[in-house]
>>> print(open('target-v3.cif').read())   # mmCIF, C-alpha atoms
data_my_file
loop_
_atom_site.label_atom_id
_atom_site.label_comp_id
_atom_site.auth_asym_id
_atom_site.auth_seq_id
_atom_site.Cartn_x
_atom_site.Cartn_y
_atom_site.Cartn_z
CA MET A 936 69.93 107.22 63.32
CA SER A 937 73.03 105.12 62.64
CA LYS A 938 76.36 106.92 62.57
CA CYS A 939 78.23 107.13 59.28
CA TYR A 940 81.70 105.57 59.61
CA ILE A 941 82.79 106.34 56.06
CA ASN A 942 84.85 109.49 55.47
CA ASN A 943 85.52 110.85 52.00
CA ASN A 944 87.71 113.28 50.10
CA ILE A 945 85.24 114.01 47.33
CA ARG A 946 85.22 117.76 47.90
CA LYS A 947 89.02 117.93 47.70
CA LEU A 948 89.14 115.63 44.66
CA ARG A 949 86.48 117.71 42.87
CA PHE A 950 88.54 120.82 43.53
CA ASN A 951 91.64 119.15 42.14
CA THR A 952 89.77 117.95 39.05
CA ASP A 953 89.27 121.33 37.36
CA GLU A 954 86.89 122.40 40.16
CA MET A 955 84.30 119.90 39.07
CA THR A 956 80.80 120.81 40.25
CA GLN A 957 78.57 118.48 42.27
CA GLN A 958 76.16 118.38 39.32
CA GLU A 959 78.93 117.29 36.94
CA LEU A 960 79.98 114.51 39.30
CA ALA A 961 76.35 113.49 39.69
CA ASP A 962 75.88 113.32 35.91
CA LYS A 963 79.06 111.26 35.48
CA THR A 964 78.08 108.76 38.17
CA GLY A 965 74.39 108.54 37.28
CA VAL A 966 72.95 109.85 40.55
CA THR A 967 71.28 113.06 41.64
CA ARG A 968 73.15 116.11 42.95
CA GLN A 969 71.40 115.62 46.30
CA THR A 970 73.00 112.19 46.66
CA ILE A 971 76.46 113.66 46.01
CA ILE A 972 75.76 116.38 48.60
CA ALA A 973 74.63 113.75 51.13
CA ILE A 974 77.76 111.63 50.51
CA GLU A 975 80.07 114.65 50.82
CA ASN A 976 78.43 115.66 54.10
CA GLY A 977 78.70 112.13 55.49
CA LYS A 978 74.92 111.73 55.63
CA TYR A 979 74.83 108.76 53.28
CA SER A 980 77.17 105.84 52.70
CA PRO A 981 77.11 104.94 48.99
CA THR A 982 76.85 101.41 47.69
CA LEU A 983 80.07 99.73 46.63
CA GLU A 984 79.14 100.19 42.97
CA LEU A 985 78.60 103.95 43.34
CA ALA A 986 81.79 104.27 45.40
CA PHE A 987 83.74 102.60 42.56
CA ARG A 988 82.04 104.84 40.00
CA ILE A 989 83.03 107.97 41.93
CA ALA A 990 86.61 106.72 42.27
CA HIS A 991 86.65 105.95 38.52
CA VAL A 992 85.61 109.53 37.71
CA PHE A 993 88.56 110.87 39.71
CA ASN A 994 90.83 108.19 38.30
CA SER A 995 91.87 107.31 41.86
CA PRO A 996 91.87 104.11 43.88
CA LEU A 997 88.87 103.59 46.14
CA ASP A 998 90.82 104.08 49.38
CA GLU A 999 91.93 107.50 48.20
CA VAL A 1000 88.33 108.62 47.88
CA PHE A 1001 86.77 106.81 50.82
CA SER A 1002 88.23 105.79 54.14
CA PHE A 1003 86.89 103.92 57.14
CA ASN A 1004 86.81 105.82 60.43
CA SER A 1005 88.80 103.36 62.56
CA GLU A 1006 88.41 105.48 65.75
CA ASP A 1007 84.84 104.27 65.96
CA ASP A 1008 85.81 100.61 65.63
CA SER A 1009 85.23 100.06 69.35
CA GLU A 1010 81.54 100.98 68.95
CA ILE A 1011 80.95 98.25 66.41
CA THR A 1012 80.23 94.81 67.83
CA ILE A 1013 80.16 91.69 65.73
CA THR A 1014 78.31 88.75 67.16
CA LYS A 1015 79.65 85.32 66.26
CA ARG A 1016 77.48 82.26 66.52
CA MET B 864 64.44 122.90 49.98
CA ASP B 865 65.41 120.93 46.86
CA ASN B 866 63.04 119.83 44.11
CA LYS B 867 62.67 116.31 45.49
CA GLU B 868 61.53 117.65 48.85
CA LYS B 869 59.16 120.05 47.11
CA GLN B 870 57.62 117.12 45.19
CA ILE B 871 57.13 115.18 48.43
CA LEU B 872 55.57 118.23 50.10
CA VAL B 873 53.16 118.60 47.16
CA THR B 874 52.23 114.92 47.48
CA LEU B 875 51.69 115.35 51.23
CA ILE B 876 49.49 118.44 50.86
CA SER B 877 47.54 116.94 47.96
CA LEU B 878 46.94 113.73 49.95
CA ILE B 879 45.48 115.74 52.84
CA LEU B 880 43.38 117.92 50.50
CA ILE B 881 42.04 114.99 48.45
CA PHE B 882 41.15 112.97 51.55
CA ALA B 883 39.50 115.96 53.27
CA CYS B 884 37.50 116.96 50.16
CA TYR B 885 36.44 113.38 49.40
CA SER B 886 35.42 112.73 53.03
CA LEU B 887 33.36 115.94 53.11
CA TYR B 888 31.77 115.07 49.78
CA VAL B 889 30.81 111.56 50.92
CA TYR B 890 29.53 112.83 54.26
CA ASN B 891 27.38 115.60 52.75
CA LYS B 892 26.05 113.52 49.87
CA TYR B 893 25.33 110.21 51.63
CA ILE B 894 25.77 110.22 55.41
CA ALA B 895 24.30 113.60 56.44
CA ASP B 896 20.81 112.73 55.19
CA ASN B 897 20.79 109.04 55.99
CA PHE B 898 23.15 107.92 58.74
CA ASN B 899 21.95 104.32 58.48
CA ILE B 900 23.83 104.01 55.20
CA VAL B 901 27.06 103.50 57.23
CA ASN B 902 25.79 100.01 58.09
CA ASP B 903 25.53 99.15 54.39
CA PHE B 904 28.67 97.26 53.29
CA ARG B 905 27.99 98.16 49.63
CA PHE B 906 28.27 101.84 50.52
CA TRP B 907 31.73 101.32 52.02
CA GLY B 908 32.84 99.16 49.10
CA LYS B 909 31.78 101.90 46.69
CA THR B 910 33.47 104.57 48.81
CA PHE B 911 36.78 102.65 48.82
CA LEU B 912 36.65 101.81 45.12
CA ILE B 913 35.95 105.40 44.06
CA LEU B 914 38.56 106.87 46.45
CA ILE B 915 41.42 104.96 44.74
CA PRO B 916 41.02 106.34 41.17
CA VAL B 917 40.06 109.78 42.50
CA THR B 918 43.32 109.90 44.49
CA ILE B 919 45.45 108.66 41.57
CA VAL B 920 43.95 111.03 38.98
CA SER B 921 44.03 114.02 41.37
CA GLN B 922 47.67 113.32 42.28
CA ILE B 923 48.66 113.15 38.61
CA VAL B 924 46.86 116.41 37.80
CA ILE B 925 48.32 118.20 40.86
CA HIS B 926 51.86 117.03 40.00
CA ILE B 927 51.52 118.15 36.37
CA VAL B 928 50.29 121.58 37.51
CA PHE B 929 53.14 121.77 40.06
CA ALA B 930 55.74 120.82 37.42
CA ILE B 931 54.45 123.54 35.07
CA MET B 932 54.36 126.17 37.84
CA ASN B 933 57.83 125.16 39.05
CA LYS B 934 59.21 125.49 35.52
CA ILE B 935 57.66 128.95 35.13
CA VAL B 936 58.85 130.23 38.52
CA THR B 937 62.32 128.66 38.85
CA ASN B 938 63.04 127.68 35.21
CA GLU B 939 64.18 124.27 36.50
CA ASP B 940 62.95 120.83 35.50
CA LEU B 941 61.81 118.49 38.22
CA PRO B 942 64.07 115.44 38.71
CA THR B 943 62.93 112.38 36.83
CA LEU B 944 65.94 110.28 37.83
CA SER B 945 65.57 108.01 40.84
CA ASP B 946 68.93 106.83 42.13
CA GLU B 947 69.95 104.30 44.80
CA ARG B 948 69.43 106.76 47.67
CA ASP B 949 65.94 107.69 46.45
CA LYS B 950 65.03 104.01 46.22
CA LEU B 951 66.40 103.32 49.71
CA ILE B 952 64.45 106.24 51.15
CA ASP B 953 61.30 105.01 49.37
CA LEU B 954 61.77 101.54 50.83
CA LYS B 955 62.30 102.87 54.36
CA ALA B 956 59.23 105.11 54.08
CA ILE B 957 57.13 102.23 52.73
CA ARG B 958 58.25 100.03 55.64
CA ILE B 959 57.10 102.67 58.14
CA SER B 960 53.77 103.14 56.36
CA HIS B 961 53.20 99.37 56.34
CA TRP B 962 53.73 99.25 60.11
CA ILE B 963 51.18 102.00 60.59
CA PHE B 964 48.65 100.31 58.32
CA THR B 965 49.23 97.04 60.17
CA GLY B 966 48.54 98.93 63.42
CA GLY B 967 45.26 100.14 61.90
CA PHE B 968 44.43 96.58 60.87
CA LEU B 969 44.99 95.42 64.47
CA LEU B 970 42.82 98.30 65.72
CA TRP B 971 40.11 97.13 63.34
CA MET B 972 40.18 93.66 64.90
CA VAL B 973 40.17 95.16 68.41
CA SER B 974 37.15 97.30 67.48
CA GLN B 975 35.27 94.14 66.50
CA VAL B 976 36.36 92.24 69.62
CA ILE B 977 35.06 94.99 71.93
CA GLY B 978 31.76 95.00 70.05
CA MET B 979 31.92 98.25 68.09
CA PRO B 980 29.59 98.58 65.08
CA PRO B 981 30.83 97.25 61.70
CA TYR B 982 31.26 100.71 60.21
CA ALA B 983 34.03 101.37 62.79
CA MET B 984 36.06 98.75 60.93
CA PHE B 985 35.81 100.64 57.63
CA ILE B 986 36.54 103.99 59.25
CA THR B 987 39.59 102.47 60.98
CA LEU B 988 40.85 101.06 57.68
CA ILE B 989 40.36 104.33 55.76
CA VAL B 990 41.95 106.44 58.51
CA SER B 991 44.93 104.09 58.94
CA GLY B 992 45.43 104.04 55.15
CA PHE B 993 45.38 107.84 55.13
CA PHE B 994 47.78 108.16 58.07
CA SER B 995 50.17 105.57 56.66
CA GLY B 996 50.36 107.65 53.46
CA ILE B 997 50.94 110.87 55.40
CA VAL B 998 53.62 109.36 57.66
CA SER B 999 55.33 107.80 54.64
CA GLU B 1000 55.72 111.23 53.01
CA ILE B 1001 56.86 112.84 56.28
CA ALA B 1002 59.41 110.03 56.73
CA LYS B 1003 60.76 110.70 53.22
CA ILE B 1004 61.26 114.39 54.01
CA TYR B 1005 62.96 113.40 57.29
CA PHE B 1006 65.35 110.98 55.56
CA TYR B 1007 66.16 113.46 52.79
CA ARG B 1008 66.95 116.17 55.35
CA LYS B 1009 68.72 114.23 58.09
CA GLY B 1010 70.35 111.45 56.10
CA PHE B 1011 70.71 107.91 57.38
#
>>> encode(input="target-v3.cif", output="structure tokens")
Amino acid sequence: MSKCYINNNIRKLRFNTDEMTQQELADKTGVTRQTIIAIENGKYSPTLELAFRIAHVFNSPLDEVFSFNSEDDSEITITKR
Amino acid sequence: MDNKEKQILVTLISLILIFACYSLYVYNKYIADNFNIVNDFRFWGKTFLILIPVTIVSQIVIHIVFAIMNKIVTNEDLPTLSDERDKLIDLKAIRISHWIFTGGFLLWMVSQVIGMPPYAMFITLIVSGFFSGIVSEIAKIYFYRKGF
């Protein structure tokens, strides 16, 4: 199983947005509650489109909602031809 | 266990039940009395062709019954929405099932190379089709639970 390098603040942002429920966020972004749970728990990295939709719901820039775990940069290798 | 996992579990159990019942039915009705029928290609063609609609209709009926029972017991509707994660999980599960079916296809060719009777080819195809379906559903449950 590949490790998820994307961290998120969705739980905190939901709390700060009138304690929005996972179901409400799911309805607003057009996905299931299970997908929101998986994203919050770091079990699924959303597509760029869904990431933007989530950020739009919280009225925040993308990098405030999602961040890249730079500590794991060393584990990623990019092969150049 | 969420509703999506329950649906997959129902599909998994129904697949096993339908395959077991259909295999028993075919064996008792045709093979038990006349084993030589397994060498008749028409018999296998008929068996395959009937299995497909039987599986589809049974699955639909079982899922409708499950949806009604689920509504009565939990008062919740089953999810009809399929989002990007569901589609990705479906694709990953289909890829795994295709590998297994391809393995069965290779086994079929091996069975013919080593001189096994022709009916071994049909049994290999049916069994690999069945296992690919089962593994596909198990893979879905795994991906839903563990993430990826």
>>> closest_residue(input="target-v3.cif", among="B:Glu939, B:Leu944, B:Gly992, B:Met984", to="Thr965 in chain B", atoms="all atoms listed in the file")
B:Gly992
>>> closest_atom_pairs(input="target-v3.cif", of="chain B", to="chain A", cutoff="9 Å", atoms="only C-alpha atoms", output="JSON lines")
{"residue": "B:Asp865", "atom": "CA", "partner": "A:Gln969", "partner_atom": "CA", "distance": 8.0}
{"residue": "B:Lys867", "atom": "CA", "partner": "A:Gln969", "partner_atom": "CA", "distance": 8.8}
{"residue": "B:Pro942", "atom": "CA", "partner": "A:Thr967", "partner_atom": "CA", "distance": 8.1}
{"residue": "B:Leu944", "atom": "CA", "partner": "A:Thr967", "partner_atom": "CA", "distance": 7.1}
{"residue": "B:Ser945", "atom": "CA", "partner": "A:Val966", "partner_atom": "CA", "distance": 7.6}
{"residue": "B:Asp946", "atom": "CA", "partner": "A:Val966", "partner_atom": "CA", "distance": 5.3}
{"residue": "B:Glu947", "atom": "CA", "partner": "A:Val966", "partner_atom": "CA", "distance": 7.6}
{"residue": "B:Arg948", "atom": "CA", "partner": "A:Thr970", "partner_atom": "CA", "distance": 6.6}
{"residue": "B:Asp949", "atom": "CA", "partner": "A:Thr970", "partner_atom": "CA", "distance": 8.4}
{"residue": "B:Tyr1007", "atom": "CA", "partner": "A:Gln969", "partner_atom": "CA", "distance": 8.6}
{"residue": "B:Lys1009", "atom": "CA", "partner": "A:Lys978", "partner_atom": "CA", "distance": 7.1}
{"residue": "B:Gly1010", "atom": "CA", "partner": "A:Lys978", "partner_atom": "CA", "distance": 4.6}
{"residue": "B:Phe1011", "atom": "CA", "partner": "A:Tyr979", "partner_atom": "CA", "distance": 5.9}
>>> residues_around(input="target-v3.cif", residues="Lys1003 in chain B", least_positions_apart="4", cutoff="7 Å", atoms="all atoms listed in the file", output="list in words")
Ile952, Asp953, Ala956, Ser999 and Tyr1007 of chain B
>>> write_last_selection(input="target-v3.cif", atoms="C-alpha atoms", output="PDB file, in the coordinates of the input")
ATOM      1  CA  ILE B 952      64.450 106.240  51.150  1.00  0.00           C
ATOM      2  CA  ASP B 953      61.300 105.010  49.370  1.00  0.00           C
ATOM      3  CA  ALA B 956      59.230 105.110  54.080  1.00  0.00           C
ATOM      4  CA  SER B 999      55.330 107.800  54.640  1.00  0.00           C
ATOM      5  CA  TYR B1007      66.160 113.460  52.790  1.00  0.00           C
TER       6      TYR B1007
END
>>> atom_distance(input="target-v3.cif", atom1="CA of Leu970 in chain B", atom2="CA of Val901 in chain B")
18.6 Å
>>> residues_near_point(input="target-v3.cif", point="(77.4, 117.7, 40.8)", cutoff="9 Å", atoms="all atoms listed in the file", output="compact mmCIF listing (two decimals) with C-alpha atoms, keeping the file's coordinate frame")
# COMPACT_ATOMS: atom_id res chain seq x y z
CA MET A 955 84.30 119.90 39.07
CA THR A 956 80.80 120.81 40.25
CA GLN A 957 78.57 118.48 42.27
CA GLN A 958 76.16 118.38 39.32
CA GLU A 959 78.93 117.29 36.94
CA LEU A 960 79.98 114.51 39.30
CA ALA A 961 76.35 113.49 39.69
CA ASP A 962 75.88 113.32 35.91
CA LYS A 963 79.06 111.26 35.48
CA THR A 967 71.28 113.06 41.64
CA ARG A 968 73.15 116.11 42.95
CA GLN A 969 71.40 115.62 46.30
CA ILE A 971 76.46 113.66 46.01
CA ILE A 972 75.76 116.38 48.60
>>> resolve_selection(input="target-v3.cif", expression="the PyMOL selection byres ((chain B and resi 962) around 12)", output="PDB file with C-alpha atoms, in the coordinates of the input")
ATOM      1  CA  LYS B 955      62.300 102.870  54.360  1.00  0.00           C
ATOM      2  CA  ALA B 956      59.230 105.110  54.080  1.00  0.00           C
ATOM      3  CA  ILE B 957      57.130 102.230  52.730  1.00  0.00           C
ATOM      4  CA  ARG B 958      58.250 100.030  55.640  1.00  0.00           C
ATOM      5  CA  ILE B 959      57.100 102.670  58.140  1.00  0.00           C
ATOM      6  CA  SER B 960      53.770 103.140  56.360  1.00  0.00           C
ATOM      7  CA  HIS B 961      53.200  99.370  56.340  1.00  0.00           C
ATOM      8  CA  ILE B 963      51.180 102.000  60.590  1.00  0.00           C
ATOM      9  CA  PHE B 964      48.650 100.310  58.320  1.00  0.00           C
ATOM     10  CA  THR B 965      49.230  97.040  60.170  1.00  0.00           C
ATOM     11  CA  GLY B 966      48.540  98.930  63.420  1.00  0.00           C
ATOM     12  CA  GLY B 967      45.260 100.140  61.900  1.00  0.00           C
ATOM     13  CA  PHE B 968      44.430  96.580  60.870  1.00  0.00           C
ATOM     14  CA  LEU B 969      44.990  95.420  64.470  1.00  0.00           C
ATOM     15  CA  SER B 991      44.930 104.090  58.940  1.00  0.00           C
ATOM     16  CA  GLY B 992      45.430 104.040  55.150  1.00  0.00           C
ATOM     17  CA  PHE B 994      47.780 108.160  58.070  1.00  0.00           C
ATOM     18  CA  SER B 995      50.170 105.570  56.660  1.00  0.00           C
ATOM     19  CA  GLY B 996      50.360 107.650  53.460  1.00  0.00           C
ATOM     20  CA  VAL B 998      53.620 109.360  57.660  1.00  0.00           C
ATOM     21  CA  SER B 999      55.330 107.800  54.640  1.00  0.00           C
TER      22      SER B 999
END
>>> axis_aligned_box(input="target-v3.cif", around="range 978-981 of chain A", padding_each_side="6 Å", output="AutoDock Vina command-line options")
--center_x 76.0 --center_y 108.3 --center_z 52.3 --size_x 14.3 --size_y 18.8 --size_z 18.6
>>> residues_around(input="target-v3.cif", residues="Val1000 in chain A", least_positions_apart="3", cutoff="10 Å", atoms="all atoms listed in the file", output="tab-separated table (two decimals) with C-alpha atoms, in the frame of the given file")
chain	number	residue	atom	x	y	z
A	942	ASN	CA	84.85	109.49	55.47
A	943	ASN	CA	85.52	110.85	52.00
A	944	ASN	CA	87.71	113.28	50.10
A	945	ILE	CA	85.24	114.01	47.33
A	946	ARG	CA	85.22	117.76	47.90
A	947	LYS	CA	89.02	117.93	47.70
A	948	LEU	CA	89.14	115.63	44.66
A	986	ALA	CA	81.79	104.27	45.40
A	987	PHE	CA	83.74	102.60	42.56
A	989	ILE	CA	83.03	107.97	41.93
A	990	ALA	CA	86.61	106.72	42.27
A	991	HIS	CA	86.65	105.95	38.52
A	993	PHE	CA	88.56	110.87	39.71
A	994	ASN	CA	90.83	108.19	38.30
A	995	SER	CA	91.87	107.31	41.86
A	996	PRO	CA	91.87	104.11	43.88
A	997	LEU	CA	88.87	103.59	46.14
